[in-house]
$ cat coords.cif   # mmCIF, C-alpha atoms
data_start
#
loop_
_atom_site.label_atom_id
_atom_site.label_comp_id
_atom_site.auth_asym_id
_atom_site.auth_seq_id
_atom_site.Cartn_x
_atom_site.Cartn_y
_atom_site.Cartn_z
CA MET N 1 37.92 -101.36 58.75
CA LYS N 2 38.77 -101.32 62.41
CA HIS N 3 35.76 -100.49 64.59
CA LEU N 4 36.16 -98.17 67.54
CA SER N 5 35.13 -99.53 70.92
CA TYR N 6 32.66 -97.73 73.17
CA ARG N 7 35.56 -96.79 75.46
CA SER N 8 37.54 -95.31 72.53
CA CYS N 9 34.54 -93.29 71.38
CA LYS N 10 33.97 -92.07 74.91
CA SER N 11 37.62 -91.07 75.22
CA SER N 12 37.52 -89.24 71.88
CA ALA N 13 34.42 -87.33 72.91
CA LEU N 14 36.09 -86.38 76.18
CA LEU N 15 39.19 -85.14 74.34
CA LEU N 16 37.06 -83.05 71.98
CA ALA N 17 35.19 -81.55 74.91
CA LEU N 18 38.47 -80.74 76.67
CA ALA N 19 39.85 -79.16 73.49
CA ALA N 20 36.76 -76.99 73.12
CA SER N 21 36.96 -76.02 76.77
CA CYS N 22 40.62 -75.06 76.40
CA ALA N 23 39.84 -72.95 73.32
CA THR N 24 37.06 -71.17 75.20
CA ASN N 25 39.31 -70.60 78.18
CA GLN N 26 42.09 -69.26 75.95
CA THR N 27 39.62 -66.83 74.38
CA ALA N 28 38.47 -65.70 77.82
CA VAL N 29 42.07 -65.29 79.02
CA ARG N 30 43.04 -63.34 75.89
CA ALA N 31 40.04 -61.02 76.24
CA ALA N 32 40.64 -60.56 79.97
CA ASP N 33 44.34 -59.73 79.57
CA ALA N 34 44.05 -57.56 76.46
CA ASP N 35 44.24 -53.78 76.43
CA PRO N 36 40.89 -52.46 75.12
CA GLU N 37 42.42 -49.29 73.68
CA ALA N 38 45.00 -51.34 71.75
CA LEU N 39 42.26 -53.62 70.42
CA VAL N 40 40.24 -50.62 69.23
CA ARG N 41 43.31 -49.40 67.36
CA GLY N 42 43.51 -52.89 65.85
CA LEU N 43 40.16 -52.28 64.14
CA GLU N 44 41.94 -49.96 61.70
CA GLN N 45 43.88 -52.61 59.78
CA PRO N 46 42.32 -55.55 57.89
CA GLN N 47 44.98 -57.99 59.13
CA THR N 48 44.20 -57.32 62.81
CA ARG N 49 40.53 -56.35 62.58
CA SER N 50 38.89 -59.77 62.82
CA GLN N 51 40.73 -60.80 66.00
CA ALA N 52 40.36 -57.37 67.58
CA TRP N 53 36.64 -57.42 66.84
CA GLN N 54 36.18 -60.84 68.48
CA ASP N 55 38.31 -59.96 71.52
CA LEU N 56 36.38 -56.73 72.11
CA LEU N 57 33.11 -58.61 71.77
CA ASP N 58 34.30 -61.24 74.28
CA MET N 59 35.46 -58.49 76.62
CA GLY N 60 31.91 -57.19 76.95
CA ASP N 61 31.21 -54.18 79.16
CA ARG N 62 34.91 -53.60 79.89
CA ALA N 63 35.37 -52.61 76.23
CA VAL N 64 32.65 -49.94 76.28
CA PRO N 65 34.83 -46.93 77.34
CA ALA N 66 37.41 -47.70 74.66
CA LEU N 67 34.72 -48.21 72.01
CA THR N 68 32.90 -44.98 72.82
CA ALA N 69 36.26 -43.19 72.67
CA GLY N 70 36.80 -44.89 69.29
CA LEU N 71 33.72 -43.12 67.94
CA GLN N 72 35.71 -39.88 68.21
CA SER N 73 38.75 -41.25 66.36
CA THR N 74 40.03 -39.39 63.32
CA ASN N 75 40.20 -42.76 61.55
CA GLN N 76 37.03 -43.62 59.66
CA GLN N 77 37.57 -47.37 59.94
CA ILE N 78 37.86 -47.24 63.73
CA ARG N 79 34.75 -45.06 64.04
CA TYR N 80 32.73 -47.39 61.80
CA PHE N 81 33.69 -50.66 63.48
CA ALA N 82 33.52 -49.23 67.00
CA ALA N 83 29.93 -48.13 66.32
CA ASP N 84 29.15 -51.51 64.77
CA LEU N 85 30.46 -53.31 67.86
CA LEU N 86 28.36 -51.17 70.19
CA VAL N 87 25.35 -52.01 68.04
CA GLU N 88 26.24 -55.71 68.29
CA MET N 89 26.75 -55.59 72.07
CA LYS N 90 23.49 -53.79 72.92
CA THR N 91 24.80 -53.19 76.43
CA GLU N 92 23.10 -50.71 78.76
CA LYS N 93 26.55 -49.71 80.07
CA ALA N 94 27.05 -47.83 76.80
CA ILE N 95 23.92 -45.68 77.07
CA ALA N 96 25.29 -42.84 79.21
CA PRO N 97 28.50 -42.26 77.18
CA LEU N 98 26.58 -42.62 73.90
CA VAL N 99 24.00 -40.05 74.99
CA LYS N 100 26.86 -37.65 75.69
CA LEU N 101 28.43 -38.35 72.30
CA SER N 102 25.07 -37.86 70.58
CA GLN N 103 25.34 -34.18 71.50
CA SER N 104 28.68 -33.78 69.69
CA LYS N 105 28.97 -31.03 67.10
CA ASP N 106 30.76 -33.52 64.86
CA ASN N 107 27.88 -34.94 62.80
CA SER N 108 29.61 -38.24 62.07
CA VAL N 109 30.27 -38.85 65.79
CA SER N 110 26.76 -37.90 66.90
CA SER N 111 25.13 -39.91 64.10
CA GLN N 112 27.03 -43.10 64.92
CA ALA N 113 26.27 -42.68 68.63
CA LEU N 114 22.56 -42.33 67.86
CA VAL N 115 22.54 -45.42 65.65
CA ALA N 116 24.13 -47.40 68.48
CA LEU N 117 21.57 -46.01 70.94
CA GLY N 118 18.78 -47.06 68.58
CA SER N 119 20.02 -50.66 68.70
CA ILE N 120 20.15 -50.65 72.52
CA GLY N 121 16.76 -48.99 72.97
CA GLY N 122 15.09 -47.73 76.12
CA PRO N 123 13.71 -44.35 77.26
CA GLN N 124 17.11 -42.59 77.42
CA ALA N 125 17.96 -43.65 73.89
CA ALA N 126 14.59 -42.42 72.62
CA GLU N 127 15.05 -39.06 74.39
CA ALA N 128 18.47 -38.58 72.81
CA ILE N 129 17.17 -39.38 69.33
CA LEU N 130 14.13 -37.11 69.72
CA ALA N 131 16.41 -34.26 70.84
CA ALA N 132 18.69 -34.83 67.84
CA MET N 133 15.82 -34.58 65.33
CA ASP N 134 15.41 -30.87 66.04
CA ARG N 135 18.93 -30.10 64.82
CA ALA N 136 19.48 -32.88 62.28
CA THR N 137 19.70 -32.54 58.51
CA PRO N 138 16.73 -33.86 56.48
CA LEU N 139 18.84 -36.85 55.44
CA ALA N 140 19.50 -37.80 59.09
CA VAL N 141 15.95 -37.11 60.27
CA GLY N 142 14.56 -39.99 58.21
CA ARG N 143 17.07 -42.43 59.67
CA TYR N 144 16.27 -41.27 63.20
CA SER N 145 12.55 -41.80 62.51
CA LEU N 146 13.18 -45.47 61.81
CA LEU N 147 15.38 -45.77 64.92
CA LEU N 148 12.51 -44.43 67.02
CA ALA N 149 10.16 -46.96 65.44
CA ALA N 150 12.59 -49.75 66.29
CA ILE N 151 12.70 -48.59 69.92
CA GLY N 152 8.91 -48.30 70.04
CA ASP N 153 8.66 -45.30 72.36
CA ASN N 154 5.24 -43.71 71.70
CA ARG N 155 6.54 -40.25 72.57
CA ALA N 156 7.82 -40.24 69.00
CA VAL N 157 4.36 -40.42 67.42
CA GLU N 158 3.48 -36.71 67.64
CA PRO N 159 6.80 -35.36 66.25
CA LEU N 160 6.75 -37.97 63.49
CA THR N 161 3.17 -37.03 62.61
CA LYS N 162 4.20 -33.35 62.39
CA LEU N 163 7.14 -34.30 60.19
CA LEU N 164 4.88 -36.27 57.84
CA ALA N 165 2.44 -33.36 57.56
CA SER N 166 5.15 -30.78 56.78
CA ARG N 167 5.19 -30.22 53.03
CA ASP N 168 7.53 -27.23 52.73
CA SER N 169 9.90 -29.23 50.55
CA GLY N 170 9.96 -26.74 47.66
CA ASP N 171 10.25 -28.17 44.19
CA PHE N 172 11.35 -31.65 45.26
CA LYS N 173 11.46 -32.82 41.65
CA THR N 174 14.47 -30.63 40.89
CA SER N 175 15.86 -29.60 44.28
CA GLY N 176 18.35 -31.87 46.04
CA GLU N 177 17.41 -30.56 49.47
CA GLY N 178 13.72 -30.95 48.65
CA MET N 179 14.28 -34.60 47.75
CA PHE N 180 15.97 -35.20 51.12
CA LYS N 181 12.97 -33.65 52.88
CA VAL N 182 10.64 -35.91 50.93
CA ARG N 183 12.76 -38.90 51.98
CA ALA N 184 12.50 -37.81 55.63
CA ARG N 185 8.70 -37.59 55.40
CA GLN N 186 8.55 -40.95 53.63
CA GLU N 187 10.51 -42.59 56.46
CA ALA N 188 8.32 -40.82 59.04
CA ALA N 189 5.31 -42.50 57.41
CA GLU N 190 7.06 -45.87 57.49
CA ALA N 191 7.86 -45.40 61.18
CA LEU N 192 4.29 -44.44 62.03
CA GLY N 193 3.06 -47.65 60.42
CA ARG N 194 5.22 -49.63 62.83
CA PHE N 195 3.80 -47.81 65.85
CA ARG N 196 0.19 -48.57 64.82
CA ASP N 197 -0.92 -45.54 66.87
CA PRO N 198 -4.37 -44.12 65.92
CA ARG N 199 -3.10 -40.56 66.41
CA ALA N 200 -1.24 -40.89 63.11
CA ARG N 201 -4.21 -42.01 61.04
CA ALA N 202 -5.43 -38.56 59.95
CA ALA N 203 -1.97 -37.49 58.73
CA LEU N 204 -1.52 -40.77 56.85
CA LEU N 205 -4.91 -40.41 55.16
CA ASP N 206 -4.07 -36.83 54.16
CA ALA N 207 -0.81 -38.04 52.61
CA ILE N 208 -2.67 -40.66 50.59
CA LYS N 209 -5.23 -38.12 49.45
CA ASP N 210 -3.08 -35.27 48.19
CA ASP N 211 0.60 -35.41 49.15
CA PRO N 212 2.52 -34.15 46.12
CA ALA N 213 5.31 -36.75 46.47
CA TRP N 214 4.61 -40.31 45.32
CA GLU N 215 7.13 -41.80 47.79
CA VAL N 216 5.28 -40.24 50.74
CA TYR N 217 1.89 -41.29 49.35
CA HIS N 218 3.10 -44.87 48.84
CA ALA N 219 4.71 -45.09 52.30
CA ALA N 220 1.49 -43.81 53.88
CA ARG N 221 -0.52 -46.54 52.11
CA GLN N 222 1.90 -49.16 53.36
CA ALA N 223 1.76 -47.71 56.88
CA LEU N 224 -2.04 -47.91 57.03
CA ASN N 225 -1.89 -51.44 55.65
CA ARG N 226 0.49 -52.37 58.48
CA MET N 227 -1.65 -50.62 61.10
CA ASP N 228 -4.83 -52.35 59.98
CA GLY N 229 -3.25 -55.75 59.42
CA GLN N 230 -4.77 -56.11 55.96
CA THR N 231 -3.87 -59.04 53.74
CA THR N 232 -4.50 -59.88 50.11
CA TYR N 233 -5.58 -63.45 49.46
CA PRO N 234 -3.68 -65.58 48.59
CA TYR N 235 -0.70 -63.26 49.26
CA ASN N 236 -0.10 -60.91 52.13
CA TYR N 237 1.83 -57.73 51.35
CA ASP N 238 5.29 -58.99 52.36
CA THR N 239 4.84 -62.16 50.33
CA LEU N 240 3.66 -60.11 47.37
CA SER N 241 6.71 -57.83 47.69
CA ALA N 242 9.02 -60.85 47.60
CA LYS N 243 7.22 -62.21 44.54
CA VAL N 244 7.63 -58.89 42.71
CA ALA N 245 11.32 -58.71 43.69
CA LEU N 246 11.88 -62.19 42.24
CA ALA N 247 10.10 -61.20 39.03
CA VAL N 248 11.97 -57.91 38.60
CA THR N 249 15.42 -58.13 40.18
CA LYS N 250 16.66 -61.68 39.68
CA GLN N 251 18.78 -62.83 36.77
CA PRO N 252 18.67 -66.33 35.28
CA GLU N 253 21.21 -68.58 36.93
CA PRO N 254 24.39 -69.09 34.84
CA THR N 255 24.93 -72.48 33.23
CA ASN N 256 27.66 -73.49 35.67
CA GLY N 257 25.66 -72.33 38.71
CA ALA N 258 25.52 -69.01 40.55
CA GLU N 259 28.13 -69.87 43.17
CA ALA N 260 30.73 -71.00 40.63
CA PHE N 261 30.08 -67.92 38.49
CA VAL N 262 30.47 -65.53 41.44
CA GLN N 263 33.71 -67.21 42.55
CA SER N 264 35.08 -66.98 39.01
CA TRP N 265 34.14 -63.29 38.82
CA ARG N 266 35.85 -62.52 42.11
CA ALA N 267 38.99 -64.33 41.03
CA ALA N 268 39.08 -62.20 37.88
CA HIS N 269 38.36 -58.97 39.81
CA PRO N 270 40.38 -59.06 43.03
CA GLY N 271 39.51 -56.27 45.46
CA GLY N 272 42.15 -53.81 46.62
CA PRO N 273 42.71 -52.19 50.02
CA GLY N 274 41.91 -48.77 48.57
CA LEU N 275 38.29 -49.62 47.73
CA PRO N 276 35.74 -47.62 49.70
CA MET N 277 33.60 -49.56 52.15
CA ILE N 278 30.40 -48.98 50.17
CA ALA N 279 31.91 -49.96 46.82
CA TRP N 280 29.98 -52.49 44.75
CA SER N 281 31.38 -55.92 45.47
CA GLY N 282 30.27 -57.45 42.20
CA PRO N 283 27.66 -60.17 41.55
CA GLN N 284 26.23 -62.06 44.50
CA VAL N 285 24.74 -65.53 44.62
CA ASP N 286 21.43 -63.98 45.73
CA ASP N 287 21.26 -62.04 42.45
CA TYR N 288 20.27 -65.21 40.60
CA ALA N 289 17.35 -67.62 40.45
CA SER N 290 16.27 -70.36 38.07
CA GLN N 291 14.69 -69.23 34.83
CA THR N 292 11.64 -71.35 35.68
CA ASP N 293 11.13 -69.61 39.04
CA ILE N 294 11.55 -66.17 37.47
CA GLU N 295 9.01 -66.87 34.73
CA ARG N 296 6.55 -68.38 37.20
CA ALA N 297 6.85 -65.28 39.43
CA ARG N 298 6.33 -62.97 36.44
CA ASN N 299 3.20 -64.82 35.33
CA THR N 300 1.82 -64.70 38.88
CA VAL N 301 2.52 -60.98 39.20
CA VAL N 302 0.79 -60.24 35.88
CA GLN N 303 -2.22 -62.39 36.80
CA ILE N 304 -2.62 -60.62 40.16
CA GLY N 305 -2.23 -57.24 38.44
CA LYS N 306 -4.91 -58.05 35.88
CA THR N 307 -7.48 -59.47 38.29
CA GLY N 308 -6.65 -58.13 41.75
CA GLU N 309 -8.36 -55.18 43.36
CA TYR N 310 -6.12 -52.13 43.12
CA ASP N 311 -6.92 -50.80 46.61
CA VAL N 312 -6.20 -54.06 48.41
CA GLY N 313 -2.77 -54.56 49.98
CA ALA N 314 -1.49 -50.99 50.14
CA GLY N 315 -1.75 -50.34 46.43
CA GLY N 316 -1.33 -53.87 45.23
CA VAL N 317 1.11 -55.34 42.78
CA VAL N 318 1.06 -52.37 40.37
CA GLU N 319 2.48 -49.95 42.94
CA LEU N 320 5.08 -52.51 44.00
CA LEU N 321 6.22 -52.62 40.37
CA MET N 322 6.19 -48.82 40.24
CA GLU N 323 8.79 -48.71 43.02
CA TYR N 324 11.31 -49.83 40.41
CA LEU N 325 10.35 -47.04 38.00
CA ARG N 326 12.07 -44.61 40.35
CA ASN N 327 15.35 -46.28 39.39
CA ARG N 328 16.74 -45.75 42.89
CA LYS N 329 17.58 -49.36 43.65
CA PHE N 330 21.25 -50.16 42.97
CA TYR N 331 21.90 -52.08 39.75
CA VAL N 332 18.19 -52.56 39.02
CA GLY N 333 16.88 -50.69 36.01
CA PRO N 334 13.20 -50.15 35.22
CA GLU N 335 13.05 -52.44 32.18
CA ASN N 336 11.66 -55.59 33.83
CA ALA N 337 9.09 -53.65 35.84
CA GLU N 338 7.97 -51.75 32.72
CA MET N 339 7.59 -55.02 30.80
CA LEU N 340 5.36 -56.48 33.52
CA LEU N 341 3.25 -53.32 33.81
CA ILE N 342 2.68 -53.35 30.06
CA ARG N 343 1.62 -57.01 30.26
CA ILE N 344 -0.85 -56.13 33.04
CA GLY N 345 -2.32 -53.54 30.69
CA LYS N 346 -5.35 -51.36 31.32
CA PRO N 347 -5.74 -52.03 35.10
CA ALA N 348 -2.28 -50.48 35.60
CA ILE N 349 -3.16 -47.12 34.00
CA PRO N 350 -4.82 -45.33 37.00
CA PRO N 351 -1.88 -45.89 39.39
CA LEU N 352 0.58 -45.07 36.58
CA GLU N 353 -1.25 -41.76 36.00
CA ASN N 354 -0.85 -41.09 39.71
CA GLY N 355 2.87 -41.73 39.28
CA VAL N 356 3.03 -39.20 36.43
CA LYS N 357 1.31 -36.65 38.65
CA ARG N 358 3.23 -37.20 41.89
CA GLY N 359 6.48 -38.87 40.92
CA ASP N 360 9.87 -37.25 40.43
CA SER N 361 11.10 -36.64 36.88
CA VAL N 362 12.49 -40.17 36.43
CA MET N 363 9.36 -41.87 37.69
CA ALA N 364 7.00 -39.57 35.79
CA ARG N 365 8.84 -40.29 32.53
CA ASN N 366 8.85 -44.07 33.07
CA CYS N 367 5.15 -44.12 34.04
CA GLN N 368 4.22 -42.09 30.96
CA GLN N 369 6.16 -44.49 28.74
CA CYS N 370 4.27 -47.43 30.23
CA ILE N 371 0.92 -45.72 29.69
CA GLY N 372 1.81 -45.00 26.06
CA ALA N 373 2.90 -48.61 25.46
CA ILE N 374 -0.26 -50.01 27.08
CA LYS N 375 -2.52 -47.79 24.98
CA ALA N 376 -0.59 -48.61 21.82
CA ALA N 377 -0.88 -52.35 22.52
CA GLU N 378 -4.62 -52.04 23.12
CA ALA N 379 -5.10 -50.04 19.91
CA SER N 380 -3.31 -52.72 17.88
CA THR N 381 -5.25 -55.62 19.40
CA PRO N 382 -8.23 -56.66 17.23
CA ALA N 383 -11.58 -56.38 18.97
CA LYS N 384 -13.32 -59.66 19.85
CA GLY N 385 -15.57 -60.86 17.09
CA SER N 386 -13.94 -58.70 14.43
#

$ encode --input "coords.cif" --output "structure tokens"
Amino acid sequence: MKHLSYRSCKSSALLLALAASCATNQTAVRAADADPEALVRGLEQPQTRSQAWQDLLDMGDRAVPALTAGLQSTNQQIRYFAADLLVEMKTEKAIAPLVKLSQSKDNSVSSQALVALGSIGGPQAAEAILAAMDRATPLAVGRYSLLLAAIGDNRAVEPLTKLLASRDSGDFKTSGEGMFKVRARQEAAEALGRFRDPRARAALLDAIKDDPAWEVYHAARQALNRMDGQTTYPYNYDTLSAKVALAVTKQPEPTNGAEAFVQSWRAAHPGGPGLPMIAWSGPQVDDYASQTDIERARNTVVQIGKTGEYDVGAGGVVELLMEYLRNRKFYVGPENAEMLLIRIGKPAIPPLENGVKRGDSVMARNCQQCIGAIKAAEASTPAKGS
């Protein structure tokens, strides 16, 4: 093999640096010369979208007027990607036009403007979001609560506390609108936990004590846990959540490996241009884990459930498992969570009874089934010494 001299290596490095510099300069020239309005129109089609996206991003503040105008486009793709770019840019130049758009009577335009404002942050963004909450639908109010928490403006604490305390949701177990109101109050509780403001404590404690909706109760427990910085040895709450997710949601890795399986599935199920943006994209590599890791996580979860204190860690492992009994997580049924709750046994019954009392119809049914299975298993187990 012929060895390269120091001079040859130095020359090669110089050529690579020059090539990179030229590529960067070409990108800068293309972004500087491009028409922002034309690039925004290019977001509509898949074949031009990637380059248009990058050029608009490179263009920076000069693209802001065209992107804010794109939020008012009749084309859904342009509106979506224009909003996404403004979120990515986080430029203060966009605040004034976005505030104006947030007052639009077109809900899709105002909502996307507010999401972009939430990513930029600052007092003006917070004011616009607070103003929008008074006229927003229950579904949007919850999202705006989390935007306010991300911004961190404490002026949001009082209206969020009032939202949490409002329980005029009707029969939320059967009413669609009532369920949206429950979701809004749940997200208000989550937001208040991020603020860690003592003014919210009384409302959070009231929600834990007697709120009729399990989701709100559970979010309030998590919020207080976040505010107080509690941990459960040897797992803090986030680590415990990840352990439960591994035990419940992961599938054993296919024989030929997760990546090869996913690629094979995609080859057999090619996507079409007519698919909606939120359509399920099929199996993902992250859906899988080794059978050994799954079983180890399940044994750990059961052990913590049997021996851990229920009130530690915002409800502990049992309530984390109960999240899956609501059956609201895409493509995750309640079967694995039910199996683990039944293995935990008697210590799981009090929180499960709370789920029967406060949960919606799906959760109440699943909790009752777990209680019945636990009691049946205990009745069939011979007493010690018999």

$ resolve_selection --input "coords.cif" --expression "the PyMOL selection byres ((chain N and resi 164) around 12)" --output "number ranges by chain"
N: 141-142, 145, 157-163, 165-169, 181-193, 200-208, 211, 213, 215-217, 219-220, 223

$ atom_distance --input "coords.cif" --atom1 "CA of Tyr324 (chain N)" --atom2 "CA of Glu338 (chain N)"
8.6 Å

$ closest_residue --input "coords.cif" --among "N:Leu352, N:Ala258, N:Ile344, N:Ala128" --to "Gly305 (chain N)" --atoms "all atoms listed in the file"
N:Ile344

$ resolve_selection --input "coords.cif" --expression "the PyMOL selection byres ((chain N and resi 147) around 9)" --output "list in words"
Leu114, Val115, Leu117, Gly118, Ser119, Gly121, Ala126, Ile129, Gly142, Arg143, Tyr144, Ser145, Leu146, Leu148, Ala149, Ala150, Ile151, Gly152 and Ala191 of chain N

$ resolve_selection --input "coords.cif" --expression "the PyMOL selection byres ((chain N and resi 373-376) around 9)" --output "PyMOL selection string"
chain N and resi 341-346+348-349+368-372+377-381

$ write_last_selection --input "coords.cif" --atoms "C-alpha atoms" --output "PDB file, keeping the file's coordinate frame"
ATOM      1  CA  LEU N 341       3.250 -53.320  33.810  1.00  0.00           C
ATOM      2  CA  ILE N 342       2.680 -53.350  30.060  1.00  0.00           C
ATOM      3  CA  ARG N 343       1.620 -57.010  30.260  1.00  0.00           C
ATOM      4  CA  ILE N 344      -0.850 -56.130  33.040  1.00  0.00           C
ATOM      5  CA  GLY N 345      -2.320 -53.540  30.690  1.00  0.00           C
ATOM      6  CA  LYS N 346      -5.350 -51.360  31.320  1.00  0.00           C
ATOM      7  CA  ALA N 348      -2.280 -50.480  35.600  1.00  0.00           C
ATOM      8  CA  ILE N 349      -3.160 -47.120  34.000  1.00  0.00           C
ATOM      9  CA  GLN N 368       4.220 -42.090  30.960  1.00  0.00           C
ATOM     10  CA  GLN N 369       6.160 -44.490  28.740  1.00  0.00           C
ATOM     11  CA  CYS N 370       4.270 -47.430  30.230  1.00  0.00           C
ATOM     12  CA  ILE N 371       0.920 -45.720  29.690  1.00  0.00           C
ATOM     13  CA  GLY N 372       1.810 -45.000  26.060  1.00  0.00           C
ATOM     14  CA  ALA N 377      -0.880 -52.350  22.520  1.00  0.00           C
ATOM     15  CA  GLU N 378      -4.620 -52.040  23.120  1.00  0.00           C
ATOM     16  CA  ALA N 379      -5.100 -50.040  19.910  1.00  0.00           C
ATOM     17  CA  SER N 380      -3.310 -52.720  17.880  1.00  0.00           C
ATOM     18  CA  THR N 381      -5.250 -55.620  19.400  1.00  0.00           C
TER      19      THR N 381
END
